[in-house]
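Peer 1: Take a look at the following structure, please.
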Amino acid sequence: MEICKLENIRKDYFMGEPVTPINGLSLTVNAGDLIAVEGPSGIGKSTLLYILGLLLQSDGGSHVFEGRAVSALSDKEKSALRAQKIGFLFQDATLIQALTLRENLLFSCHIGGKTAVCRKRVDELLHRFGLEDRADFLPHQLSGGQRRRVMAARCLIHRPILILADEPTNDLDEHWSVEIMRALQEEAQRGAGVVMVTHNSRWAKLAENRYDLHDGMLTHVTNKENEKQ
């Protein structure tokens with residue numbers, strides 16, 4: 001089942017002069033996909049995730065989400081889709097500083113419209129990511145790695161159909177890096193589409209579909225070809 005599709009997407013920025021990090025890019029994300037996107041820093045990988053996550057509007061091309069043209073959606077409709085159907089695991093730990101770890105997760109459930117089934121899910125994720133003893137801590141009382149694990153829990157809390165992960169194992173040791181990647185694999189097996197930006201070839205090799213972003217477009221590469229290099 002197709003979750004979203006980009007066709008010939010372009011994104012322009014103006015920083016004294018025009019910059020076009022995404023130009024002619026096409027990508028289809030289906031249910032169950034685990035996709036890795038690689039490429040040098042500053043090449044446009046995060047921009048791609050922002051477009052997929054309805055955080056940025058493209059400047060050209062076609063973007064369809066669950067059969068609906070994104071260009072025809074209102075800001076309210078896009079906000080609802082982000083809250084209910086898209087999970088973000090980005091590098092910035094954008095937690096609400098006045099709320100505890102548990103309250104941050106419960107709030108995410110609330111805006112996703114799933115408060116009734118949330119408390120059990122919160123407890124499951126706190127246990128899975130080793131955060132039970134930090135549930136009543138405020139974000140500034142957590143280490144960088146702990147905040148990253150909170151972000152992973154928040155990303156998964158409402159069982160999104162599309163998960164967007166930008167360097168998901170940053171700030172994590174080996175144990176928790178493996179656990180985060182295992183969780184993303186499980187979500188893909190459950191039927192979510194997962195798009196992951198990474199510089200880590202070990203994690204990229206876990207993806208069924210692996211792409212390199214270059215000159216604004218994606219080139220499909222196989223793990224077999226990369227292992228031979």
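Ligands are numbered from 1 in the order shown, residues from 1 within each chain, and chains are lettered A, B, ... in the order they appear in the structure tokens.
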Could you give me, as CSV, a per-residue list for region 114-188 of chain A showing, wherever an atom lies at most 12 Å from an atom of region 54-74 of chain A, the closest pair of atoms and their distance in Å to one decimal, using only C-alpha atoms and sorting by chain then residue number from low to high?

Peer 2:
```
residue,atom,partner,partner_atom,distance
A:Ile161,CA,A:Glu66,CA,10.0
A:Leu162,CA,A:Phe65,CA,10.0
A:Leu164,CA,A:Leu54,CA,11.1
```

Peer 1: Taking into account only C-alpha atoms, which residue in the set A:Ala192, A:Ile163, A:Val29, A:Ala36 is nearest to Gly53 (chain A)?

Peer 2: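 Distance minimum relative to Gly53 (chain A) lands on A:Ile163.
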
Peer 1: From the options A:Ile43, A:Ile9, A:Leu126, A:Cys4, which residue's atoms come nearest to Lys85 (chain A), counting only C-alpha atoms?

Peer 2: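 Residue with the minimum atom-to-atom distance to Lys85 (chain A): A:Cys4.
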
Peer 1: Can you pull out every residue within 12 Å of Ala165 (chain A), counting only C-alpha atoms, but drop anything in the same chain fewer than 3 positions away, and send it as a PyMOL selection string?

Peer 2: chain A and resi 34-37+45-46+48-50+52-53+86-92+148+151-152+155-156+162+168-170+180-181+183-184+193-198+203

Peer 1: DSSP on the backbone: what in region 45-130 of chain A comes out alpha helix (DSSP H), as an MDAnalysis selection string?

Peer 2: chainID A and resid 45:52 75:85 101:111 118:128

Peer 1: What's the 12 Å shell around region 93-107 of chain A, counting only C-alpha atoms, without same-chain residues fewer than 4 positions away, as a VMD selection string?

Peer 2: chain A and resid 83 88 to 89 111 to 127 131 to 158 166 168 170 to 171

Peer 1: Restricting the calculation to only C-alpha atoms: of A:Phe129, A:Glu7, A:Glu186, A:Asn30, which residue gets closest to Leu206 (chain A)?

Peer 2: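 With only C-alpha atoms as the atom set, the closest residue is A:Glu186.
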
Peer 1: Neighbours of Gly44 (chain A) within 12 Å (only C-alpha atoms; same-chain residues fewer than 2 positions away dropped), as number ranges by chain?

Peer 2: A: 10-13, 19-23, 25, 37-42, 46-51, 166, 197, 212-218

Peer 1: Keeping only N, CA and C atoms, write those residues as a compact mmCIF listing (two decimals), in the first residue's frame.

Peer 2:
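Once everything was written out, this is result.txt:
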```
# COMPACT_ATOMS: atom_id res chain seq x y z
N ARG A 10 10.94 19.80 -6.38
CA ARG A 10 11.98 20.82 -6.33
C ARG A 10 11.77 21.68 -5.09
N LYS A 11 12.87 22.05 -4.44
CA LYS A 11 12.81 22.97 -3.30
C LYS A 11 13.89 24.01 -3.46
N ASP A 12 13.48 25.28 -3.42
CA ASP A 12 14.41 26.40 -3.59
C ASP A 12 14.58 27.16 -2.28
N TYR A 13 15.79 27.64 -2.05
CA TYR A 13 16.08 28.57 -0.96
C TYR A 13 16.79 29.78 -1.56
N VAL A 19 19.52 28.67 -4.09
CA VAL A 19 20.07 27.35 -3.78
C VAL A 19 18.93 26.35 -3.94
N THR A 20 19.19 25.26 -4.66
CA THR A 20 18.15 24.26 -4.92
C THR A 20 18.67 22.88 -4.50
N PRO A 21 18.53 22.53 -3.21
CA PRO A 21 19.06 21.25 -2.74
C PRO A 21 18.27 20.03 -3.25
N ILE A 22 16.99 20.25 -3.56
CA ILE A 22 16.15 19.18 -4.08
C ILE A 22 15.68 19.62 -5.46
N ASN A 23 15.97 18.80 -6.49
CA ASN A 23 15.66 19.23 -7.85
C ASN A 23 15.41 18.00 -8.73
N LEU A 25 13.53 15.34 -7.76
CA LEU A 25 13.59 14.14 -6.90
C LEU A 25 12.25 13.41 -6.90
N VAL A 37 18.60 6.95 3.32
CA VAL A 37 19.07 8.00 2.43
C VAL A 37 20.44 8.47 2.93
N GLU A 38 21.42 8.41 2.06
CA GLU A 38 22.79 8.80 2.41
C GLU A 38 23.24 9.97 1.54
N GLY A 39 24.35 10.56 1.94
CA GLY A 39 24.91 11.68 1.18
C GLY A 39 25.65 12.61 2.12
N PRO A 40 26.51 13.47 1.59
CA PRO A 40 27.29 14.39 2.43
C PRO A 40 26.40 15.34 3.21
N SER A 41 26.94 15.90 4.28
CA SER A 41 26.23 16.91 5.06
C SER A 41 25.93 18.13 4.18
N GLY A 42 24.76 18.72 4.38
CA GLY A 42 24.38 19.92 3.66
C GLY A 42 23.87 19.67 2.26
N SER A 46 17.97 16.44 5.09
CA SER A 46 16.97 16.89 6.07
C SER A 46 15.81 17.61 5.38
N THR A 47 16.13 18.38 4.34
CA THR A 47 15.07 19.04 3.57
C THR A 47 14.09 18.02 3.01
N LEU A 48 14.62 16.91 2.51
CA LEU A 48 13.76 15.84 2.01
C LEU A 48 12.82 15.33 3.10
N LEU A 49 13.35 15.11 4.31
CA LEU A 49 12.50 14.64 5.40
C LEU A 49 11.43 15.67 5.76
N TYR A 50 11.80 16.96 5.75
CA TYR A 50 10.83 18.01 6.08
C TYR A 50 9.70 18.05 5.05
N ILE A 51 10.03 17.82 3.79
CA ILE A 51 8.99 17.77 2.76
C ILE A 51 8.10 16.55 2.95
N ASP A 166 16.13 11.24 11.33
CA ASP A 166 17.33 11.95 10.88
C ASP A 166 18.48 11.60 11.82
N VAL A 197 17.59 8.98 7.40
CA VAL A 197 18.82 9.62 6.92
C VAL A 197 19.95 9.19 7.83
N ASP A 212 21.26 7.27 -2.54
CA ASP A 212 22.25 8.33 -2.38
C ASP A 212 21.65 9.62 -2.94
N LEU A 213 21.69 10.70 -2.15
CA LEU A 213 21.19 11.99 -2.61
C LEU A 213 22.35 12.78 -3.17
N HIS A 214 22.23 13.14 -4.45
CA HIS A 214 23.31 13.86 -5.13
C HIS A 214 22.70 14.72 -6.23
N ASP A 215 23.14 15.97 -6.32
CA ASP A 215 22.64 16.89 -7.34
C ASP A 215 21.12 17.00 -7.31
N GLY A 216 20.56 16.95 -6.10
CA GLY A 216 19.13 17.18 -5.94
C GLY A 216 18.25 15.98 -6.19
N MET A 217 18.83 14.84 -6.58
CA MET A 217 18.03 13.67 -6.90
C MET A 217 18.54 12.44 -6.15
N LEU A 218 17.70 11.42 -6.10
CA LEU A 218 18.05 10.17 -5.43
C LEU A 218 18.49 9.14 -6.46
```

Peer 1: Which residue gives the smallest distance to Ile3 (chain A) among A:Asp33, A:Leu172, A:His110, A:Thr222, with only C-alpha atoms counted?

Peer 2: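 When distances to Ile3 (chain A) are compared using only C-alpha atoms, the smallest one comes from A:Asp33.
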
Peer 1: Determine which residues of region 43-222 of chain A DSSP labels as strand (DSSP E or B) from the backbone of this structure, then write them out as a ChimeraX atom specification.

Peer 2: /A:60-65,68-69,86-89,162-166,193-197,209-214,217-221

Peer 1: Generate the output file for the selected residues, C-alpha atoms, as a compact mmCIF listing (two decimals), in the first residue's frame.

Peer 2:
```txt
# COMPACT_ATOMS: atom_id res chain seq x y z
CA GLY A 60 7.56 22.20 -7.81
CA GLY A 61 6.50 18.66 -8.59
CA SER A 62 3.83 16.43 -7.08
CA HIS A 63 3.50 15.27 -3.47
CA VAL A 64 0.72 12.81 -2.61
CA PHE A 65 -0.02 11.55 0.92
CA ARG A 68 -4.39 13.20 -1.47
CA ALA A 69 -2.42 15.98 -3.13
CA ILE A 86 3.71 10.87 11.05
CA GLY A 87 6.44 10.15 13.58
CA PHE A 88 9.52 12.40 13.68
CA LEU A 89 12.90 11.41 15.12
CA LEU A 162 5.18 7.16 8.30
CA ILE A 163 8.36 7.47 10.38
CA LEU A 164 11.05 10.00 9.47
CA ALA A 165 14.38 9.56 11.25
CA ASP A 166 17.33 11.95 10.88
CA GLY A 193 6.95 3.26 6.08
CA VAL A 194 10.32 4.29 7.55
CA VAL A 195 12.67 6.80 5.88
CA MET A 196 16.00 7.17 7.63
CA VAL A 197 18.82 9.62 6.92
CA ASN A 209 16.00 0.29 -0.22
CA ARG A 210 19.11 2.45 -0.06
CA TYR A 211 19.52 5.77 -1.86
CA ASP A 212 22.25 8.33 -2.38
CA LEU A 213 21.19 11.99 -2.61
CA HIS A 214 23.31 13.86 -5.13
CA MET A 217 18.03 13.67 -6.90
CA LEU A 218 18.05 10.17 -5.43
CA THR A 219 20.06 7.34 -6.94
CA HIS A 220 19.11 3.83 -5.89
CA VAL A 221 22.04 1.69 -4.81
```

Peer 1: Would you compute the distance between CA of Ala207 (chain A) and CA of Ser177 (chain A)? Give it in Å to one decimal.

Peer 2: 15.3 Å

Peer 1: To one decimal place, how far is CA of Gln185 (chain A) from CA of Asn8 (chain A) in Å?

Peer 2: 28.1 Å

Peer 1: For a test of reading the model, state the distance in Å between CA of Lys5 (chain A) and CA of Ser26 (chain A), rounded to one decimal.

Peer 2: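 Rounded to one decimal, the two atoms are 7.5 Å apart.
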